[in-house]
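Engineer: Have a peek at query31.tsv (TSV, C-alpha atoms).
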```tsv
chain	number	residue	atom	x	y	z
A	23	MET	CA	105.30	90.11	47.12
A	24	SER	CA	103.51	93.24	45.90
A	25	ALA	CA	100.43	92.10	47.87
A	26	LEU	CA	102.51	92.31	51.04
A	27	PHE	CA	103.67	95.84	50.16
A	28	LEU	CA	100.11	96.80	49.26
A	29	PHE	CA	98.86	95.64	52.67
A	30	ALA	CA	101.80	97.28	54.47
A	31	ALA	CA	101.39	100.65	52.72
A	32	SER	CA	97.67	100.73	53.35
A	33	PHE	CA	98.06	99.60	56.99
A	34	LEU	CA	100.86	102.04	57.83
A	35	ALA	CA	99.30	105.05	56.06
A	36	CYS	CA	95.98	104.45	57.80
A	37	ALA	CA	97.67	103.87	61.18
A	38	VAL	CA	99.65	107.09	61.09
A	39	GLU	CA	96.68	109.19	59.91
A	40	MET	CA	94.35	107.61	62.47
A	41	VAL	CA	96.83	108.31	65.29
A	42	GLU	CA	96.47	112.01	64.39
A	43	ALA	CA	92.67	111.75	64.13
A	44	LEU	CA	92.57	109.94	67.50
A	45	THR	CA	94.41	112.84	69.15
A	46	ILE	CA	91.77	115.27	67.85
A	47	VAL	CA	88.82	113.10	68.92
A	48	LEU	CA	90.33	112.43	72.37
A	49	GLY	CA	91.04	116.12	72.94
A	50	VAL	CA	87.44	117.04	72.17
A	51	GLY	CA	85.78	114.03	73.82
A	52	ILE	CA	87.56	114.34	77.15
A	53	VAL	CA	86.55	118.00	77.52
A	54	ARG	CA	83.07	118.09	75.96
A	55	GLY	CA	81.72	114.55	76.36
A	56	TRP	CA	81.84	111.59	74.02
A	57	ARG	CA	78.43	111.43	72.32
A	58	ALA	CA	78.86	114.19	69.70
A	59	PRO	CA	82.51	113.34	68.80
A	60	LEU	CA	81.69	109.64	68.43
A	61	ILE	CA	78.73	110.45	66.16
A	62	GLY	CA	81.11	112.70	64.20
A	63	VAL	CA	83.61	109.83	63.88
A	64	ALA	CA	80.86	107.44	62.71
A	65	ALA	CA	79.58	109.98	60.15
A	66	ALA	CA	83.06	110.68	58.74
A	67	THR	CA	83.94	106.96	58.60
A	68	SER	CA	80.69	106.32	56.70
A	69	VAL	CA	81.52	109.07	54.16
A	70	LEU	CA	85.01	107.58	53.66
A	71	ALA	CA	83.62	104.06	53.26
A	72	LEU	CA	81.04	105.35	50.74
A	73	LEU	CA	83.83	107.03	48.74
A	74	VAL	CA	85.77	103.75	48.52
A	75	ALA	CA	82.60	101.78	47.68
A	76	ALA	CA	81.62	104.25	44.93
A	77	LEU	CA	85.00	104.99	43.36
A	78	GLY	CA	86.62	101.55	43.73
A	79	PRO	CA	84.51	99.64	41.19
A	80	ALA	CA	84.49	102.66	38.84
A	81	LEU	CA	88.31	102.76	38.82
A	82	GLN	CA	88.55	99.04	38.15
A	83	SER	CA	86.62	99.46	34.90
A	84	ILE	CA	89.41	101.69	33.45
A	85	PRO	CA	92.01	99.90	31.24
A	86	ILE	CA	94.94	98.86	33.45
A	87	ASP	CA	97.73	100.65	31.48
A	88	ALA	CA	95.92	104.02	31.50
A	89	LEU	CA	94.98	103.50	35.15
A	90	ARG	CA	98.55	102.68	36.19
A	91	PHE	CA	99.88	105.72	34.32
A	92	VAL	CA	97.46	108.16	36.00
A	93	VAL	CA	97.46	106.47	39.40
A	94	GLY	CA	101.25	106.07	39.28
A	95	ALA	CA	101.77	109.74	38.48
A	96	LEU	CA	99.42	110.81	41.29
A	97	LEU	CA	101.01	108.38	43.76
A	98	LEU	CA	104.44	109.65	42.79
A	99	ALA	CA	103.44	113.29	43.39
A	100	PHE	CA	101.67	112.38	46.62
A	101	GLY	CA	104.41	110.05	47.86
A	102	LEU	CA	107.14	112.60	47.20
A	103	GLN	CA	105.27	115.07	49.43
A	104	TRP	CA	105.34	112.54	52.29
A	105	LEU	CA	108.97	111.62	51.64
A	106	ARG	CA	110.08	115.25	51.30
A	107	LYS	CA	108.47	116.21	54.63
A	108	ALA	CA	109.83	113.08	56.35
A	109	ILE	CA	113.37	113.89	55.10
A	110	LEU	CA	113.03	117.50	56.30
A	111	ARG	CA	111.87	116.24	59.72
A	112	ALA	CA	114.57	113.56	60.00
A	113	SER	CA	117.28	116.09	59.14
A	114	GLY	CA	116.03	118.69	61.66
A	115	TYR	CA	114.74	121.25	59.17
A	116	LYS	CA	111.12	120.69	60.13
A	117	ALA	CA	109.72	120.14	63.62
A	118	LEU	CA	108.60	116.61	64.47
A	119	HIS	CA	104.87	116.17	64.95
A	120	ASP	CA	104.21	116.03	68.71
A	121	GLU	CA	100.98	114.19	69.61
A	122	GLU	CA	101.15	115.28	73.28
A	123	GLU	CA	101.39	118.93	72.25
A	124	ALA	CA	98.61	118.56	69.66
A	125	PHE	CA	96.45	116.88	72.32
A	126	VAL	CA	96.93	119.75	74.82
A	127	GLU	CA	96.15	122.34	72.12
A	128	GLU	CA	93.02	120.46	71.04
A	129	ARG	CA	91.85	120.19	74.65
A	130	GLU	CA	92.38	123.91	75.25
A	131	ARG	CA	90.49	124.85	72.08
A	132	ALA	CA	87.63	122.52	73.07
A	133	ALA	CA	87.46	124.01	76.56
A	134	GLY	CA	87.38	127.56	75.17
A	135	ALA	CA	84.73	126.97	72.48
A	136	ALA	CA	81.22	128.28	73.17
A	137	ALA	CA	78.31	125.90	73.79
A	138	ASP	CA	76.24	125.44	70.61
A	139	THR	CA	73.63	122.69	70.42
A	140	ARG	CA	72.24	121.70	67.01
A	141	ALA	CA	70.18	118.61	66.17
A	142	GLY	CA	70.55	117.63	69.82
A	143	LEU	CA	74.34	117.49	69.51
A	144	ASP	CA	77.23	119.51	70.88
A	145	TRP	CA	77.99	121.04	67.47
A	146	TYR	CA	81.63	121.83	68.24
A	147	GLY	CA	82.35	118.27	69.34
A	148	PHE	CA	80.59	116.83	66.30
A	149	THR	CA	82.18	119.07	63.65
A	150	VAL	CA	85.73	118.89	65.01
A	151	ALA	CA	85.65	115.07	65.20
A	152	PHE	CA	83.94	114.81	61.80
A	153	LYS	CA	86.41	117.12	60.05
A	154	GLY	CA	89.42	115.58	61.80
A	155	VAL	CA	88.58	112.02	60.77
A	156	LEU	CA	87.41	113.02	57.28
A	157	LEU	CA	90.50	115.08	56.42
A	158	GLU	CA	92.98	112.56	57.84
A	159	GLY	CA	90.97	109.74	56.25
A	160	LEU	CA	90.91	111.27	52.75
A	161	GLU	CA	94.62	110.57	52.36
A	162	VAL	CA	93.99	106.97	53.40
A	163	VAL	CA	91.11	106.67	50.89
A	164	PHE	CA	93.39	108.01	48.15
A	165	ILE	CA	96.11	105.50	49.02
A	166	VAL	CA	93.66	102.59	49.32
A	167	LEU	CA	92.03	103.43	45.97
A	168	ALA	CA	95.30	104.12	44.16
A	169	PHE	CA	97.13	101.02	45.42
A	170	GLY	CA	94.11	98.76	45.30
A	171	SER	CA	92.93	99.73	41.81
A	172	ALA	CA	96.39	99.63	40.20
A	173	GLN	CA	96.87	96.07	41.48
A	174	GLY	CA	93.24	95.08	41.08
A	175	ARG	CA	93.05	94.31	44.84
A	176	ILE	CA	91.01	97.03	46.48
A	177	GLY	CA	89.70	94.48	49.01
A	178	LEU	CA	93.20	93.80	50.33
A	179	ALA	CA	93.97	97.53	50.58
A	180	VAL	CA	90.70	98.10	52.48
A	181	LEU	CA	91.61	95.19	54.77
A	182	GLY	CA	94.99	96.82	55.56
A	183	ALA	CA	93.32	100.14	56.38
A	184	ALA	CA	90.58	98.49	58.47
A	185	ALA	CA	93.17	96.47	60.44
A	186	ALA	CA	95.10	99.69	61.19
A	187	LEU	CA	91.92	101.45	62.27
A	188	ALA	CA	91.09	98.60	64.67
A	189	VAL	CA	94.64	98.59	66.11
A	190	VAL	CA	94.70	102.38	66.64
A	191	VAL	CA	91.22	102.47	68.22
A	192	ALA	CA	92.12	99.55	70.54
A	193	ALA	CA	95.42	101.22	71.49
A	194	GLY	CA	93.61	104.51	72.12
A	195	VAL	CA	91.02	102.81	74.38
A	196	ILE	CA	93.78	101.04	76.33
A	197	ALA	CA	96.06	104.09	76.60
A	198	ARG	CA	93.19	106.58	77.22
A	199	GLY	CA	95.44	109.25	75.75
A	200	PRO	CA	97.26	110.26	72.57
A	201	LEU	CA	99.57	107.63	71.10
A	202	ALA	CA	102.66	109.79	71.50
A	203	ARG	CA	105.09	106.87	71.42
A	204	VAL	CA	104.15	105.79	67.90
A	205	PRO	CA	107.19	106.59	65.72
A	206	GLU	CA	105.12	108.72	63.33
A	207	ASN	CA	107.99	110.17	61.33
A	208	ALA	CA	109.61	106.79	60.75
A	209	ILE	CA	106.25	105.41	59.58
A	210	LYS	CA	105.65	108.43	57.33
A	211	PHE	CA	109.15	107.95	55.93
A	212	GLY	CA	108.33	104.32	55.14
A	213	VAL	CA	104.95	105.12	53.61
A	214	GLY	CA	106.44	107.96	51.54
A	215	LEU	CA	109.10	105.52	50.31
A	216	LEU	CA	106.51	102.91	49.31
A	217	LEU	CA	104.19	105.45	47.62
A	218	THR	CA	107.08	107.00	45.68
A	219	SER	CA	108.48	103.62	44.60
A	220	PHE	CA	105.13	102.13	43.55
A	221	GLY	CA	104.17	105.42	41.86
A	222	CYS	CA	107.43	105.49	39.90
A	223	PHE	CA	107.11	101.81	38.95
A	224	TRP	CA	103.50	102.05	37.73
A	225	ALA	CA	103.78	105.46	36.05
A	226	ALA	CA	106.86	104.30	34.10
A	227	GLU	CA	105.05	101.09	33.16
A	228	GLY	CA	102.05	103.15	32.00
A	229	ALA	CA	104.44	105.29	29.89
A	230	GLY	CA	105.62	102.15	28.09
A	231	VAL	CA	108.58	100.96	30.19
A	232	ASP	CA	109.27	97.22	30.45
A	233	TRP	CA	111.03	96.78	33.78
A	234	PRO	CA	113.87	94.22	33.73
A	235	GLY	CA	112.75	91.28	35.87
A	236	GLU	CA	109.19	92.69	35.86
A	237	GLU	CA	107.77	92.81	39.41
A	238	ILE	CA	111.15	92.00	41.01
A	239	ALA	CA	112.36	95.39	39.72
A	240	LEU	CA	110.05	96.98	42.28
A	241	LEU	CA	112.41	95.82	45.04
A	242	GLY	CA	115.25	97.55	43.22
A	243	VAL	CA	113.20	100.77	42.91
A	244	ILE	CA	112.37	100.69	46.65
A	245	ALA	CA	116.02	100.06	47.52
A	246	PHE	CA	117.14	102.87	45.20
A	247	PHE	CA	114.78	105.44	46.76
A	248	ALA	CA	115.67	104.22	50.28
A	249	VAL	CA	119.38	104.80	49.60
A	250	VAL	CA	118.69	108.21	47.98
A	251	SER	CA	116.43	109.31	50.86
A	252	LEU	CA	118.81	108.21	53.61
A	253	GLY	CA	121.65	109.88	51.72
A	254	LEU	CA	119.66	113.11	51.53
A	255	VAL	CA	118.91	112.95	55.29
A	256	ARG	CA	122.62	112.53	55.99
A	257	ALA	CA	123.62	115.36	53.65
A	258	LEU	CA	121.01	117.74	55.04
A	259	ARG	CA	121.98	116.95	58.66
A	260	HIS	CA	125.57	117.72	57.78
A	261	GLN	CA	124.56	120.95	56.00
A	262	ARG	CA	122.40	122.04	58.97
A	263	THR	CA	125.17	121.37	61.50
A	264	LYS	CA	127.60	123.36	59.37
A	265	THR	CA	125.16	126.28	59.03
A	266	LEU	CA	124.50	126.33	62.79
A	267	VAL	CA	128.20	126.27	63.61
A	268	LEU	CA	128.88	129.14	61.19
A	269	ALA	CA	125.92	131.13	62.59
A	270	ARG	CA	127.10	130.72	66.21
A	271	PRO	CA	128.69	133.95	67.49
A	272	ALA	CA	132.38	133.66	68.37
A	273	THR	CA	133.12	133.77	72.13
B	26	MET	CA	83.14	131.58	44.41
B	27	SER	CA	85.23	131.51	47.58
B	28	ARG	CA	84.00	127.95	48.27
B	29	LEU	CA	85.01	126.92	44.76
B	30	ARG	CA	88.42	128.49	45.32
B	31	ALA	CA	88.77	126.75	48.68
B	32	PHE	CA	87.84	123.43	47.02
B	33	ALA	CA	90.42	123.95	44.26
B	34	HIS	CA	93.00	125.03	46.85
B	35	PHE	CA	92.35	121.88	48.91
B	36	TRP	CA	92.92	119.57	45.91
B	37	TRP	CA	95.97	121.53	44.76
B	38	ASN	CA	97.49	121.14	48.24
B	39	PHE	CA	96.46	117.49	48.36
B	40	VAL	CA	98.14	116.48	45.11
B	41	VAL	CA	100.80	119.12	44.44
B	42	GLY	CA	101.71	120.24	47.98
B	43	ASP	CA	104.40	122.70	49.03
B	44	ASP	CA	106.52	122.67	45.88
B	45	TRP	CA	104.78	122.75	42.49
B	46	ARG	CA	108.13	122.18	40.80
B	47	VAL	CA	108.14	118.59	42.08
B	48	ALA	CA	104.85	117.88	40.28
B	49	ALA	CA	106.16	119.67	37.17
B	50	GLY	CA	109.38	117.61	37.33
B	51	ILE	CA	107.36	114.38	37.50
B	52	ALA	CA	105.29	115.47	34.48
B	53	VAL	CA	108.43	116.27	32.46
B	54	GLY	CA	110.05	112.96	33.49
B	55	LEU	CA	106.99	110.97	32.43
B	56	LEU	CA	106.72	112.84	29.13
B	57	LEU	CA	110.38	112.18	28.29
B	58	THR	CA	109.99	108.51	29.28
B	59	TRP	CA	106.93	108.15	27.04
B	60	VAL	CA	108.65	109.88	24.08
B	61	ALA	CA	111.76	107.69	24.43
B	62	GLU	CA	109.71	104.49	24.71
B	63	GLN	CA	107.65	105.49	21.64
B	64	ALA	CA	110.94	105.97	19.76
B	65	GLY	CA	111.98	102.44	20.77
B	66	VAL	CA	114.62	103.47	23.33
B	67	ASP	CA	114.59	101.42	26.54
B	68	VAL	CA	114.77	103.96	29.40
B	69	TRP	CA	113.55	102.02	32.47
B	70	TRP	CA	116.39	103.59	34.49
B	71	PHE	CA	115.54	107.20	33.62
B	72	LEU	CA	112.46	107.99	35.76
B	73	PRO	CA	113.87	106.87	39.17
B	74	ILE	CA	117.01	108.94	38.58
B	75	GLU	CA	115.04	111.96	37.37
B	76	VAL	CA	112.70	111.74	40.39
B	77	ALA	CA	115.68	111.50	42.76
B	78	VAL	CA	117.16	114.65	41.19
B	79	VAL	CA	113.80	116.47	41.44
B	80	LEU	CA	113.52	115.49	45.13
B	81	GLY	CA	117.08	116.57	45.89
B	82	ALA	CA	116.59	119.92	44.13
B	83	SER	CA	113.34	120.56	46.01
B	84	LEU	CA	115.00	119.81	49.36
B	85	TRP	CA	117.97	122.00	48.48
B	86	ARG	CA	115.63	124.94	47.73
B	87	ALA	CA	113.66	124.33	50.93
B	88	THR	CA	116.74	124.27	53.16
B	89	ARG	CA	118.87	127.00	51.64
B	90	SER	CA	117.79	129.63	54.18
B	91	VAL	CA	116.16	127.58	56.97
B	92	PRO	CA	118.71	126.18	59.41
B	93	ASP	CA	116.32	125.52	62.34
B	94	ALA	CA	113.27	123.33	62.89
```
For this file, produce the structure as structure tokens.
Structural biologist:
Amino acid sequence: MSALFLFAASFLACAVEMVEALTIVLGVGIVRGWRAPLIGVAAATSVLALLVAALGPALQSIPIDALRFVVGALLLAFGLQWLRKAILRASGYKALHDEEEAFVEERERAAGAAADTRAGLDWYGFTVAFKGVLLEGLEVVFIVLAFGSAQGRIGLAVLGAAAALAVVVAAGVIARGPLARVPENAIKFGVGLLLTSFGCFWAAEGAGVDWPGEEIALLGVIAFFAVVSLGLVRALRHQRTKTLVLARPAT
Amino acid sequence: MSRLRAFAHFWWNFVVGDDWRVAAGIAVGLLLTWVAEQAGVDVWWFLPIEVAVVLGASLWRATRSVPDA
């Protein structure tokens, strides 16, 4: 069961981050040509793969209880950031991420940037694609390493991320534009929920907790945080509506 | 020095994010869980509830004065 969640978390986190990276690469590539951005993508992907290859085996040599405590605490902190932002977006307190808008902005920036050729490459195209993929990918690497090492299945986590990468690239090639119809906030909500639940489960276990029912308790933790999160969305929507009504001038 | 600061800032943002009190709340929750377990008290239920309270409090602070997206 936890293998399924591991694959799902890795797949969804990678998919949603790569949708954002794809928007950046498309915006630059369409305006300035594809060679430099694609080399940037290849370079960043190599750096990310090297990070997983170097840190993965090192993490697996740490005793499992200590690893789960540290990884669980980090996942919990990281997952709560995702969940918090997703709740703020779902309740209307934070603007939803708009891939179409991000694409137009990226294209305008690319069109306005000065020509600068280094090492035979359009330097702007290379650096923007490299940074975009690297920064979005770092979160994926963290999730893959954290989930994979705590369960001793880094290979499966890498497989989930690689499958997502393939799906997003294929969808981008077919659509020839940003993947604006991907329900990013819903996916981020789901990933935040999984990261928070797994983080809580492992960190507590690392602190000495024996969960009733062992791994089955994880389902209870996920359900608990799902109910709490949806309740918070509902409460915040209600609070926002009330505030807007009170702020509206009387006619 | 500014690069070092930027590096530290990046990792702070990466792990801690917008509200440092969430990370502090997690640390306190884990410490209390560990202390209770060391004392032989079974507190499997404590951390999820504490995390839910920390999340709710953080959202309440973030939305007190921001009605619009």
Engineer: Write out, as CSV, each residue of chain A that has an atom at most 9 Å from chain B, together with the closest pair of atoms and their distance in Å to one decimal, counting all atoms listed in the file, rows going by chain and rising number.
Structural biologist:
```
residue,atom,partner,partner_atom,distance
A:Ala95,CA,B:Ile51,CA,7.3
A:Leu96,CA,B:Val40,CA,7.0
A:Leu97,CA,B:Val40,CA,8.7
A:Leu98,CA,B:Ile51,CA,7.7
A:Ala99,CA,B:Ala48,CA,5.7
A:Phe100,CA,B:Val40,CA,5.6
A:Leu102,CA,B:Leu80,CA,7.3
A:Gln103,CA,B:Gly42,CA,6.4
A:Leu105,CA,B:Leu80,CA,8.8
A:Arg106,CA,B:Leu84,CA,7.0
A:Ile109,CA,B:Leu84,CA,8.4
A:Leu110,CA,B:Leu84,CA,7.6
A:Arg111,CA,B:Ala94,CA,7.9
A:Gly114,CA,B:Ala94,CA,5.5
A:Tyr115,CA,B:Ala94,CA,4.5
A:Lys116,CA,B:Ala94,CA,4.4
A:Ala117,CA,B:Ala94,CA,4.8
A:Leu118,CA,B:Ala94,CA,8.3
A:Glu161,CA,B:Phe39,CA,8.2
A:Ser219,CA,B:Pro73,CA,8.3
A:Cys222,CA,B:Pro73,CA,6.6
A:Phe223,CA,B:Pro73,CA,8.4
A:Ala225,CA,B:Leu55,CA,7.3
A:Ala226,CA,B:Leu55,CA,6.9
A:Glu227,CA,B:Trp69,CA,8.6
A:Gly228,CA,B:Trp59,CA,8.6
A:Ala229,CA,B:Trp59,CA,4.7
A:Gly230,CA,B:Glu62,CA,5.8
A:Val231,CA,B:Trp69,CA,5.6
A:Asp232,CA,B:Trp69,CA,6.7
A:Trp233,CA,B:Trp69,CA,6.0
A:Pro234,CA,B:Trp69,CA,7.9
A:Val243,CA,B:Pro73,CA,7.2
A:Phe246,CA,B:Pro73,CA,7.9
A:Phe247,CA,B:Ala77,CA,7.3
A:Val250,CA,B:Ala77,CA,6.9
A:Ser251,CA,B:Ala77,CA,8.4
A:Leu254,CA,B:Gly81,CA,7.1
A:Leu258,CA,B:Thr88,CA,8.0
A:Gln261,CA,B:Pro92,CA,8.6
A:Arg262,CA,B:Pro92,CA,5.6
A:Thr263,CA,B:Pro92,CA,8.3
A:Thr265,CA,B:Pro92,CA,6.5
A:Leu266,CA,B:Pro92,CA,6.7
```
Engineer: Could you give me, as a list in words, the residues within 12 Å of Ala64 (chain A), counting all atoms listed in the file and dropping anything in the same chain fewer than 3 positions from it?
Structural biologist: Val47, Arg57, Ala58, Pro59, Leu60, Ile61, Thr67, Ser68, Val69, Leu70, Ala71, Phe148, Thr149, Ala151, Phe152, Lys153, Gly154, Val155 and Leu156 of chain A
Engineer: Using Å and a single decimal, report how far CA of Leu44 (chain A) sits from CA of Trp104 (chain A).
Structural biologist: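 So the answer is 20.0 Å.
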Engineer: Looking at all atoms listed in the file, which of A:Arg54, A:Val166, A:Ala179, A:Gly194 is the one that sits closest to Thr139 (chain A)?
Structural biologist: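 Among A:Arg54, A:Val166, A:Ala179, A:Gly194, it is A:Arg54 that comes nearest to Thr139 (chain A).
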Engineer: So what do you get for CA of Glu128 (chain A) versus CA of Leu48 (chain A), distance-wise?
Structural biologist: 8.6 Å
Engineer: Between CA of Leu160 (chain A) and CA of Cys36 (chain A), what is the spacing in Å?
Structural biologist: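 The value is 9.9 Å.
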